[in-house]
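*Asks:* my_file06.txt is reproduced in full below (compact mmCIF, C-alpha atoms).
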```txt
# COMPACT_ATOMS: atom_id res chain seq x y z
CA MET D 291 23.05 -29.54 21.79
CA LEU D 292 25.22 -26.57 21.11
CA ALA D 293 27.62 -28.89 19.34
CA ILE D 294 24.87 -29.62 16.85
CA LEU D 295 24.42 -25.91 16.23
CA LEU D 296 28.15 -25.42 15.87
CA MET D 297 28.32 -28.21 13.35
CA ILE D 298 26.38 -26.12 10.92
CA ASP D 299 29.27 -24.86 8.85
CA ASP D 300 27.30 -22.99 6.32
CA ARG D 301 27.11 -19.64 8.00
CA GLU D 302 24.92 -18.25 5.28
CA LYS D 303 22.23 -20.70 6.24
CA ARG D 304 22.24 -19.72 9.89
CA ASP D 305 19.91 -16.98 10.78
CA LYS D 306 20.75 -13.91 12.75
CA LEU D 307 19.35 -15.17 16.03
CA GLU D 308 21.34 -18.36 15.92
CA GLU D 309 24.51 -16.46 15.07
CA LEU D 310 23.94 -14.12 17.98
CA TYR D 311 23.47 -16.95 20.40
CA ILE D 312 26.50 -18.90 19.25
CA THR D 313 28.73 -15.82 19.24
CA TYR D 314 27.67 -14.19 22.50
CA HIS D 315 25.90 -16.62 24.81
CA LYS D 316 28.97 -17.27 26.95
CA GLU D 317 29.92 -13.72 27.69
CA LEU D 318 26.32 -12.73 28.19
CA PHE D 319 25.89 -15.53 30.65
CA PHE D 320 29.04 -14.32 32.36
CA VAL D 321 27.67 -10.75 32.60
CA ALA D 322 24.42 -11.98 34.12
CA PHE D 323 26.16 -14.39 36.48
CA GLN D 324 28.53 -11.69 37.72
CA ILE D 325 25.55 -9.64 38.87
CA LEU D 326 23.22 -12.38 40.03
CA LYS D 327 25.69 -14.97 41.30
CA ASP D 328 23.15 -17.63 40.47
CA TYR D 329 23.19 -20.03 37.55
CA TYR D 330 19.42 -20.40 37.29
CA ASP D 331 18.75 -16.69 37.50
CA ALA D 332 21.47 -15.97 34.96
CA GLU D 333 19.97 -18.56 32.63
CA ASP D 334 16.55 -17.09 33.07
CA VAL D 335 17.83 -13.60 32.28
CA ILE D 336 19.55 -14.82 29.10
CA GLN D 337 16.33 -16.45 27.96
CA THR D 338 14.37 -13.28 28.68
CA ALA D 339 17.00 -11.23 26.83
CA PHE D 340 16.75 -13.37 23.69
CA VAL D 341 12.96 -13.24 23.74
CA LYS D 342 13.23 -9.45 23.84
CA ILE D 343 16.04 -9.20 21.29
CA ILE D 344 14.06 -11.18 18.76
CA LYS D 345 11.53 -8.34 18.57
CA HIS D 346 14.27 -5.88 17.66
CA LEU D 347 16.46 -8.01 15.44
CA ASP D 348 16.25 -5.42 12.70
CA LYS D 349 18.36 -3.11 14.85
CA ILE D 350 21.25 -5.51 14.48
CA SER D 351 22.94 -5.24 11.12
CA LYS D 352 26.24 -6.97 11.82
CA ILE D 353 26.73 -9.85 14.22
CA LYS D 354 30.43 -9.64 15.06
CA CYS D 355 31.02 -6.03 15.96
CA LYS D 356 31.43 -3.95 19.10
CA LYS D 357 28.14 -2.20 18.55
CA THR D 358 26.13 -5.43 18.63
CA ARG D 359 28.19 -6.83 21.47
CA ALA D 360 27.66 -3.77 23.67
CA TYR D 361 23.96 -3.69 22.77
CA LEU D 362 23.49 -7.24 24.04
CA VAL D 363 25.57 -6.62 27.14
CA ILE D 364 23.52 -3.53 28.01
CA ILE D 365 20.27 -5.48 27.69
CA VAL D 366 21.49 -8.44 29.71
CA ARG D 367 23.04 -6.41 32.47
CA ASN D 368 19.97 -4.23 32.89
CA LEU D 369 17.70 -7.26 33.01
CA SER D 370 20.10 -8.74 35.54
CA TYR D 371 19.97 -5.61 37.72
CA ASP D 372 16.23 -5.74 37.49
CA ARG D 373 16.17 -9.39 38.54
CA TYR D 374 18.64 -8.74 41.33
CA ASN D 375 16.66 -5.81 42.72
CA GLU D 376 13.45 -7.77 42.43
CA LYS D 377 14.91 -10.67 44.38
CA LYS D 378 16.53 -8.57 47.03
CA LYS D 379 13.59 -6.16 47.09
CA ILE D 380 15.97 -3.31 46.55
CA ILE D 381 14.68 0.08 45.50
CA THR D 382 17.18 1.56 43.12
CA LYS D 383 19.33 4.35 44.38
CA ASP D 384 18.47 7.54 42.66
CA PHE D 385 20.66 10.26 41.33
CA SER D 386 18.90 12.70 43.64
CA GLU D 387 20.26 10.82 46.62
CA GLU D 388 23.78 11.42 45.38
CA PHE D 389 23.52 14.99 44.29
CA GLY D 390 20.41 16.32 45.99
CA GLU D 391 16.89 16.98 44.73
CA ASP D 392 17.75 20.05 42.67
CA ALA D 393 20.56 18.40 40.83
CA TYR D 394 18.50 17.23 37.85
CA LYS D 395 16.24 20.23 37.42
CA ASP D 396 18.48 21.83 34.84
CA THR D 397 19.94 19.47 32.28
CA ASP D 398 21.01 21.98 29.63
CA ILE D 399 24.60 21.56 28.66
CA SER D 400 26.24 24.59 27.09
CA LEU D 401 27.77 24.54 23.63
CA GLU D 402 31.19 25.28 25.08
CA GLN D 403 30.92 22.22 27.26
CA TYR D 404 30.17 19.99 24.24
CA VAL D 405 33.08 21.33 22.26
CA LEU D 406 35.56 21.30 25.12
CA ASN D 407 34.62 17.84 26.29
CA LEU D 408 34.07 15.97 23.08
CA GLU D 409 37.47 14.33 23.16
CA LYS D 410 36.95 13.33 26.79
CA GLY D 411 34.00 11.14 25.91
CA LYS D 412 35.60 8.00 27.28
CA GLU D 413 36.22 9.52 30.69
CA LEU D 414 32.73 11.00 30.78
CA ALA D 415 31.16 7.67 29.89
CA ALA D 416 33.19 5.92 32.57
CA ALA D 417 32.21 8.53 35.13
CA LEU D 418 28.54 8.23 34.25
CA ASN D 419 28.76 4.45 34.42
CA LYS D 420 30.25 4.75 37.84
CA ILE D 421 27.46 7.00 39.13
CA ASN D 422 24.74 4.74 37.80
CA PRO D 423 25.36 2.10 35.10
CA SER D 424 21.70 2.28 34.18
CA TYR D 425 22.03 5.97 33.28
CA ALA D 426 24.92 5.28 30.96
CA ASP D 427 23.06 2.35 29.42
CA ILE D 428 19.82 4.26 28.83
CA LEU D 429 21.70 7.20 27.37
CA THR D 430 23.54 4.82 25.03
CA LEU D 431 20.37 3.01 23.97
CA ARG D 432 18.65 6.32 23.28
CA TYR D 433 21.38 8.26 21.50
CA PHE D 434 23.82 5.71 20.14
CA TYR D 435 21.38 2.94 19.22
CA GLU D 436 18.65 5.50 18.49
CA LEU D 437 15.87 3.54 20.14
CA SER D 438 12.68 5.24 21.21
CA ASN D 439 11.71 5.42 24.88
CA PRO D 440 9.02 2.71 24.52
CA GLU D 441 11.52 0.45 22.74
CA ILE D 442 14.06 0.92 25.53
CA GLY D 443 11.36 0.28 28.13
CA GLU D 444 10.36 -2.94 26.43
CA LEU D 445 13.94 -4.16 26.23
CA ILE D 446 14.93 -3.56 29.83
CA ASN D 447 11.60 -3.93 31.63
CA LEU D 448 10.89 -0.29 32.34
CA SER D 449 7.90 1.86 31.66
CA SER D 450 8.28 4.49 28.96
CA ASP D 451 7.83 7.22 31.59
CA LEU D 452 10.56 5.78 33.74
CA VAL D 453 12.88 5.65 30.74
CA SER D 454 12.15 9.30 30.14
CA VAL D 455 12.85 10.18 33.77
CA ARG D 456 16.10 8.22 33.78
CA LEU D 457 17.22 9.83 30.57
CA HIS D 458 16.63 13.21 32.08
CA ARG D 459 18.57 12.21 35.17
CA ALA D 460 21.38 10.74 33.10
CA LYS D 461 21.79 14.05 31.32
CA ALA D 462 21.70 15.91 34.63
CA ALA D 463 24.34 13.58 36.02
CA LEU D 464 26.46 14.15 32.97
CA LYS D 465 26.16 17.89 33.41
CA LYS D 466 27.22 17.54 37.01
CA ILE D 467 30.24 15.53 35.94
CA LEU D 468 31.13 18.18 33.41
CA SER D 469 30.89 20.96 35.94
CA LYS D 470 32.92 19.06 38.52
CA GLY D 471 35.67 18.06 36.11
CA TRP D 472 37.28 14.76 35.09
CA ASP D 473 38.45 13.79 38.45
CA TYR D 474 34.94 12.90 39.45
CA ASN D 475 35.39 9.22 38.75
CA GLU D 476 38.63 9.21 40.63
CA THR D 477 37.02 10.49 43.83
CA MET O 59 16.22 37.29 14.10
CA LYS O 60 13.57 34.76 15.05
CA HIS O 61 14.81 32.48 12.26
CA ASN O 62 18.28 32.74 13.65
CA SER O 63 17.22 31.79 17.14
CA ILE O 64 15.28 28.74 15.84
CA MET O 65 18.28 27.79 13.76
CA ASP O 66 20.56 28.20 16.77
CA GLN O 67 18.19 26.11 18.85
CA ASN O 68 18.15 23.31 16.26
CA HIS O 69 21.89 23.48 15.93
CA SER O 70 22.28 23.30 19.69
CA LEU O 71 19.94 20.29 19.85
CA GLU O 72 21.88 18.55 17.09
CA LEU O 73 25.13 19.20 18.92
CA GLU O 74 23.68 17.83 22.13
CA LYS O 75 22.45 14.71 20.33
CA ASN O 76 25.83 14.13 18.74
CA PHE O 77 27.61 14.72 22.00
CA LEU O 78 25.39 12.19 23.79
CA LYS O 79 25.78 9.78 20.88
CA HIS O 80 29.51 10.05 21.32
CA ILE O 81 29.18 9.34 25.05
CA GLY O 82 27.05 6.29 24.15
CA TYR O 83 29.65 5.12 21.66
CA GLU O 84 32.38 5.41 24.27
CA HIS O 85 30.23 3.64 26.83
CA GLY O 86 29.76 0.74 24.42
CA ASN O 87 33.50 0.57 23.82
CA LEU O 88 34.17 0.54 27.55
CA LEU O 89 31.76 -2.35 28.07
CA CYS O 90 33.49 -4.33 25.34
CA ASP O 91 36.94 -3.49 26.73
CA GLU O 92 35.84 -4.60 30.16
CA LEU O 93 34.65 -7.93 28.75
CA ASP O 94 37.87 -8.35 26.79
CA GLN O 95 39.86 -7.89 29.96
CA LYS O 96 37.86 -10.66 31.58
CA GLU O 97 37.92 -12.96 28.57
CA ALA O 98 39.90 -15.62 30.37
CA GLU O 99 37.10 -15.85 32.91
CA TRP O 100 34.18 -16.27 30.52
CA ARG O 101 35.87 -18.06 27.62
CA ASP O 102 36.05 -21.35 29.55
CA LEU O 103 32.82 -20.80 31.39
CA LYS O 104 30.52 -23.75 31.13
CA THR O 105 27.03 -22.54 30.43
CA PRO O 106 24.12 -24.73 31.54
CA GLU O 107 23.05 -27.33 28.99
CA SER O 108 19.47 -26.46 29.73
CA LEU O 109 20.13 -23.01 28.25
CA ASP O 110 21.30 -24.57 24.98
CA ARG O 111 18.26 -26.87 24.96
CA TRP O 112 15.95 -23.97 25.60
CA PHE O 113 17.55 -21.98 22.82
CA TYR O 114 17.31 -24.89 20.40
CA GLN O 115 13.57 -25.21 21.07
CA PHE O 116 13.05 -21.47 21.01
CA HIS O 117 14.94 -21.16 17.73
CA LYS O 118 12.91 -23.96 16.18
CA LYS O 119 9.69 -22.23 17.12
CA TYR O 120 11.03 -18.94 15.82
CA LYS O 121 11.99 -20.47 12.47
CA ARG O 122 8.60 -22.14 12.21
CA ARG O 123 6.90 -18.82 12.91
CA ILE O 124 9.01 -17.09 10.25
CA GLN O 125 8.24 -19.85 7.75
CA ARG O 126 4.54 -19.64 8.57
CA ARG O 127 4.66 -15.88 8.08
CA LYS O 128 6.51 -16.30 4.79
CA PHE O 129 4.05 -18.95 3.70
CA THR O 130 1.08 -16.78 4.66
CA SER O 131 2.46 -13.78 2.83
CA SER O 132 3.34 -15.83 -0.28
CA PHE O 133 -0.06 -17.54 -0.08
CA ILE O 134 -1.80 -14.18 0.07
CA LYS O 135 0.26 -13.02 -2.93
CA LYS O 136 -0.56 -16.18 -4.86
CA ALA O 137 -4.23 -15.95 -3.92
CA ALA O 138 -4.28 -12.33 -5.08
CA ILE O 139 -2.67 -13.29 -8.41
CA ILE O 140 -5.12 -16.18 -8.91
CA LEU O 141 -8.06 -13.95 -8.06
CA LEU O 142 -6.85 -11.28 -10.48
CA ALA O 143 -6.29 -13.88 -13.19
CA PHE O 144 -9.75 -15.33 -12.54
CA LEU O 145 -11.38 -11.90 -12.73
CA GLY O 146 -9.43 -11.16 -15.92
CA ILE O 147 -10.50 -14.43 -17.56
CA GLN O 148 -14.08 -13.84 -16.47
CA ALA O 149 -14.03 -10.36 -18.03
CA MET O 150 -12.56 -11.82 -21.23
CA LEU O 151 -15.22 -14.51 -21.31
CA ILE O 152 -18.00 -12.00 -20.80
CA THR O 153 -16.56 -9.84 -23.58
CA THR O 154 -16.19 -12.83 -25.87
CA VAL O 155 -19.72 -14.01 -25.19
CA GLU O 156 -21.07 -10.53 -25.88
CA ALA O 157 -19.12 -10.31 -29.11
CA TYR O 158 -20.23 -13.79 -30.08
CA ARG O 159 -23.86 -12.92 -29.44
CA PHE O 160 -23.56 -9.92 -31.76
CA ARG O 161 -21.97 -12.06 -34.43
CA PHE O 162 -24.67 -14.68 -34.05
CA PHE O 163 -27.49 -12.20 -34.49
CA ASP O 164 -25.71 -10.61 -37.43
CA THR O 165 -25.73 -13.98 -39.14
CA ILE O 166 -29.42 -14.46 -38.45
CA ILE O 167 -30.24 -11.06 -39.84
CA ASN O 168 -28.07 -11.56 -42.90
CA PHE O 169 -29.56 -14.93 -43.46
CA THR O 170 -33.12 -13.71 -43.24
CA SER O 171 -32.38 -10.76 -45.50
CA LYS O 172 -31.73 -13.15 -48.33
CA PHE O 173 -35.39 -14.04 -48.15
CA THR O 174 -36.45 -10.40 -47.82
CA GLN O 175 -37.71 -11.14 -44.38
CA ILE O 176 -37.09 -7.90 -42.59
CA ASP O 177 -36.98 -7.79 -38.86
CA PHE O 178 -36.01 -5.24 -36.29
CA VAL O 179 -32.46 -4.28 -37.20
CA GLU O 180 -31.61 -1.26 -35.08
CA ASN O 181 -28.22 -2.68 -34.28
CA GLU O 182 -27.24 -2.72 -37.92
CA PRO O 183 -28.02 0.72 -39.36
CA ASP O 184 -25.31 0.51 -41.97
CA ASP O 185 -26.35 -2.74 -43.44
CA MET O 186 -28.88 -2.90 -46.25
CA VAL O 187 -30.59 -5.81 -44.64
CA ASN O 188 -34.15 -4.65 -45.25
CA LEU O 189 -34.07 -4.28 -48.99
CA PRO O 190 -34.70 -6.53 -51.95
CA LYS O 191 -31.60 -8.33 -53.11
CA ASP O 192 -31.34 -6.38 -56.38
CA TRP O 193 -32.29 -2.98 -54.98
CA ALA O 194 -30.68 -0.14 -56.91
CA GLY O 195 -32.83 2.74 -55.76
CA LYS O 196 -31.15 5.95 -54.63
CA TYR O 197 -32.28 5.68 -50.97
CA TYR O 198 -33.02 3.02 -48.42
CA LEU O 199 -34.22 2.90 -44.85
CA SER O 200 -31.67 1.75 -42.36
CA TYR O 201 -34.22 1.76 -39.54
CA ILE O 202 -37.54 -0.04 -39.78
CA PRO O 203 -39.98 0.14 -36.86
CA GLU O 204 -40.61 -3.12 -35.11
CA GLY O 205 -43.08 -5.46 -36.76
CA TYR O 206 -42.97 -3.90 -40.20
CA GLN O 207 -42.02 -5.78 -43.33
CA LEU O 208 -41.31 -4.62 -46.81
CA VAL O 209 -44.23 -5.51 -49.06
CA ASN O 210 -43.55 -3.47 -52.15
CA SER O 211 -40.71 -1.58 -53.76
CA GLU O 212 -40.15 0.27 -57.05
CA PHE O 213 -37.61 2.61 -58.53
CA GLU O 214 -37.41 4.26 -61.92
CA HIS O 215 -35.58 7.30 -63.36
CA GLY O 216 -34.27 8.47 -60.02
CA ASN O 217 -37.63 8.16 -58.30
CA GLY O 218 -38.44 5.41 -55.84
CA TYR O 219 -41.00 3.88 -53.57
CA LEU O 220 -40.89 1.50 -50.60
CA LYS O 221 -43.97 0.19 -48.79
CA TYR O 222 -44.02 -1.55 -45.38
CA GLU O 223 -46.83 -3.23 -43.46
CA ASN O 224 -47.03 -4.68 -39.96
CA GLY O 225 -49.81 -7.23 -40.47
CA LEU O 226 -52.28 -5.15 -38.42
CA GLY O 227 -53.39 -3.10 -41.35
CA GLU O 228 -50.89 -0.34 -40.55
CA VAL O 229 -48.78 0.88 -43.41
CA PHE O 230 -45.97 3.25 -43.96
CA ARG O 231 -44.50 4.37 -47.24
CA PHE O 232 -41.36 6.08 -48.22
CA PHE O 233 -41.00 7.74 -51.61
CA TRP O 234 -38.73 10.26 -53.14
CA ILE O 235 -39.00 12.36 -56.25
CA SER O 236 -35.90 13.45 -57.98
CA GLY O 237 -35.90 16.97 -59.49
CA GLU O 238 -33.28 19.69 -59.41
CA SER O 239 -35.76 22.51 -59.69
CA THR O 240 -38.43 20.98 -57.56
CA THR O 241 -39.66 23.00 -54.64
CA LEU O 242 -41.58 21.53 -51.77
CA ARG O 243 -45.22 22.44 -51.59
CA THR O 244 -47.73 20.68 -49.48
CA ASP O 245 -51.37 21.06 -48.73
CA SER O 246 -51.72 21.74 -45.08
CA ASP O 247 -55.45 22.45 -45.01
CA ASP O 248 -57.29 20.60 -42.25
CA LYS O 249 -53.99 19.21 -40.97
CA ASP O 250 -51.83 19.91 -37.94
CA MET O 251 -48.52 21.09 -39.21
CA LYS O 252 -45.24 21.14 -37.32
CA LYS O 253 -41.76 22.06 -38.43
CA VAL O 254 -39.05 19.60 -37.39
CA MET O 255 -35.39 19.19 -38.32
CA ILE O 256 -34.10 16.12 -40.08
CA HIS O 257 -30.38 16.48 -39.60
CA ASP O 258 -29.84 20.02 -40.81
CA GLU O 259 -32.86 20.17 -43.10
CA GLU O 260 -36.20 21.69 -42.25
CA ALA O 261 -39.09 19.23 -42.56
CA PHE O 262 -42.86 19.50 -42.33
CA LEU O 263 -44.75 17.07 -40.18
CA LEU O 264 -48.45 16.99 -41.02
CA LYS O 265 -51.02 15.03 -39.10
CA LYS O 266 -54.64 14.30 -39.88
CA ASP O 267 -56.53 11.64 -38.00
CA LYS O 268 -54.20 8.62 -37.95
CA MET O 269 -52.24 9.64 -41.00
CA ILE O 270 -48.84 11.31 -40.56
CA ASN O 271 -46.86 12.82 -43.43
CA LEU O 272 -43.31 14.03 -43.27
CA HIS O 273 -41.81 16.00 -46.17
CA TRP O 274 -38.31 17.39 -46.57
CA ILE O 275 -35.70 18.03 -49.19
CA LEU O 276 -32.44 16.09 -49.36
CA ASN O 277 -29.88 16.55 -52.14
CA GLN O 278 -32.53 18.47 -54.12
CA ASP O 279 -34.80 15.41 -53.96
CA ILE O 280 -38.18 15.56 -52.27
CA LEU O 281 -38.51 12.86 -49.64
CA THR O 282 -41.79 11.81 -48.10
CA LEU O 283 -42.71 9.42 -45.36
CA GLU O 284 -46.35 8.52 -44.89
CA ALA O 285 -47.60 6.33 -42.07
CA THR O 286 -50.83 5.34 -40.39
CA GLY O 287 -49.62 3.53 -37.30
CA LEU O 288 -46.54 5.41 -36.22
CA ARG O 289 -45.98 8.11 -33.65
CA ASN O 290 -44.23 11.40 -34.46
CA ASN O 291 -40.90 10.47 -32.87
CA GLU O 292 -40.93 7.11 -34.61
CA ILE O 293 -41.44 8.56 -38.05
CA ILE O 294 -38.77 11.22 -37.40
CA LYS O 295 -36.39 8.45 -36.39
CA VAL O 296 -37.11 6.58 -39.64
CA ALA O 297 -36.43 9.79 -41.56
CA GLU O 298 -33.15 10.44 -39.73
CA LYS O 299 -31.94 6.95 -40.57
CA ILE O 300 -32.57 7.22 -44.32
CA LYS O 301 -29.39 6.56 -46.23
CA GLN O 302 -28.23 7.06 -49.74
CA LEU O 303 -27.04 4.08 -51.72
CA LYS O 304 -23.36 4.37 -52.60
```
Could you render the structure from this file as structure tokens?
*Replies:*
Amino acid sequence: MLAILLMIDDREKRDKLEELYITYHKELFFVAFQILKDYYDAEDVIQTAFVKIIKHLDKISKIKCKKTRAYLVIIVRNLSYDRYNEKKKIITKDFSEEFGEDAYKDTDISLEQYVLNLEKGKELAAALNKINPSYADILTLRYFYELSNPEIGELINLSSDLVSVRLHRAKAALKKILSKGWDYNET
Amino acid sequence: MKHNSIMDQNHSLELEKNFLKHIGYEHGNLLCDELDQKEAEWRDLKTPESLDRWFYQFHKKYKRRIQRRKFTSSFIKKAAIILLAFLGIQAMLITTVEAYRFRFFDTIINFTSKFTQIDFVENEPDDMVNLPKDWAGKYYLSYIPEGYQLVNSEFEHGNGYLKYENGLGEVFRFFWISGESTTLRTDSDDKDMKKVMIHDEEAFLLKKDKMINLHWILNQDILTLEATGLRNNEIIKVAEKIKQLK
């Protein structure tokens, strides 16, 4: 069936959704399968992801670019985590368990910290992803893709309040990383 | 100072946003890099055929929905245009019918005037439709009360006379006397007298029993209207609509 889709040479005639599927379905399936280790679940997650993406197609301006690729990966992997936790009846590990209850009370990052750490963005992102991939993803959806909390919630099956809480915790985690230094992800 | 602190606060918020945006950008890059490193694993991955089938169906439905939406929106646009055009045509038709009706009645009035059959002609104050064909008197009435017809007319040496009847024995006359040095004098004994204005000229309205007289001066001519079956406002209206022959 995919062969039929691929036979359509006139790219202009293909719509955005079709282009997205043809370009990314394999790697997205791979992302989901890596987490779920189940073909049917991975398939189900991909279907759910496309149903959700269709509502926010306007956020995608270019098909073949890193921004779109990462956007799709974030959605699929979060839906996969959700499916995995649902199946295994796992309650997600919270930031508070790692750093203690008071860790996310103060999330203000000083101006000096921004300026000093701007060029270390890659390391910071990696460190945050290591603490909790969901934090890094939500932070990215909110600030890089500029989605609202309800939009994020709709995309990755979370309530708007929970998105807000996770955003807050993501910022707190980031602050903790900044105060501990770069070696955090090495420890 | 307060302005500065608000400005600082906004600046700080903007910096924070940009910093977090940068973290998000780097996170996205890392995800892509990670996938690139594992490309060999997913490139040859065989995805389930059922997924492709599902997508094909889903895409078909999506396209149909988009087409339906496009059709609905274009239909609404077309319907709006048709409705507007219809309303426009209707307005034009109404206007045309109205104009046609006026033209039709004009013709009737003009036609009847040839036979000195004078009817109600309020709509045509400028037309000399209620006069004899060869009328050359100095004045004429452009408004005739309903039901009245011209029964007699005379003019000589600048003076003139028009007589109208309504068939019920009620008569009204209009006459004017030309005279540069003439002054208006009237006998108001036993009569109710009222001063009224005919345009900018003072006029005397005298009433005795059923007879009403109205006298005023226009262009140094003395004008008089005399009626037995008209009310005050009606006779004043006749006077106001008196015109001079050009």
*Asks:* Write out as number ranges by chain every residue belonging to chain O that has an atom at most 8 Å from any atom of chain D, counting all atoms listed in the file.
*Replies:* O: 70, 73-90, 93, 100-101, 103-107, 109-114, 117
*Asks:* Tell me, in Å to one decimal, how far atom CA of His273 of chain O is from atom CA of Leu226 of chain O.
*Replies:*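 Spanning atom CA of His273 of chain O to atom CA of Leu226 of chain O is a straight-line distance of 24.8 Å.
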*Asks:* What is the distance, in Å and to one decimal place, between atom CA of Gly287 of chain O and atom CA of Glu228 of chain O?
*Replies:* 5.2 Å
*Asks:* In Å, rounded to a single decimal, give me how far atom CA of Ala462 of chain D is from atom CA of Ile343 of chain D.
*Replies:* 29.0 Å
*Asks:* Have a look at O:Tyr222, O:Phe262, O:Tyr120, O:Trp274 and name the one nearest to Ile202 of chain O; count only C-alpha atoms.
*Replies:*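 Closest residue, counting only C-alpha atoms: O:Tyr222.
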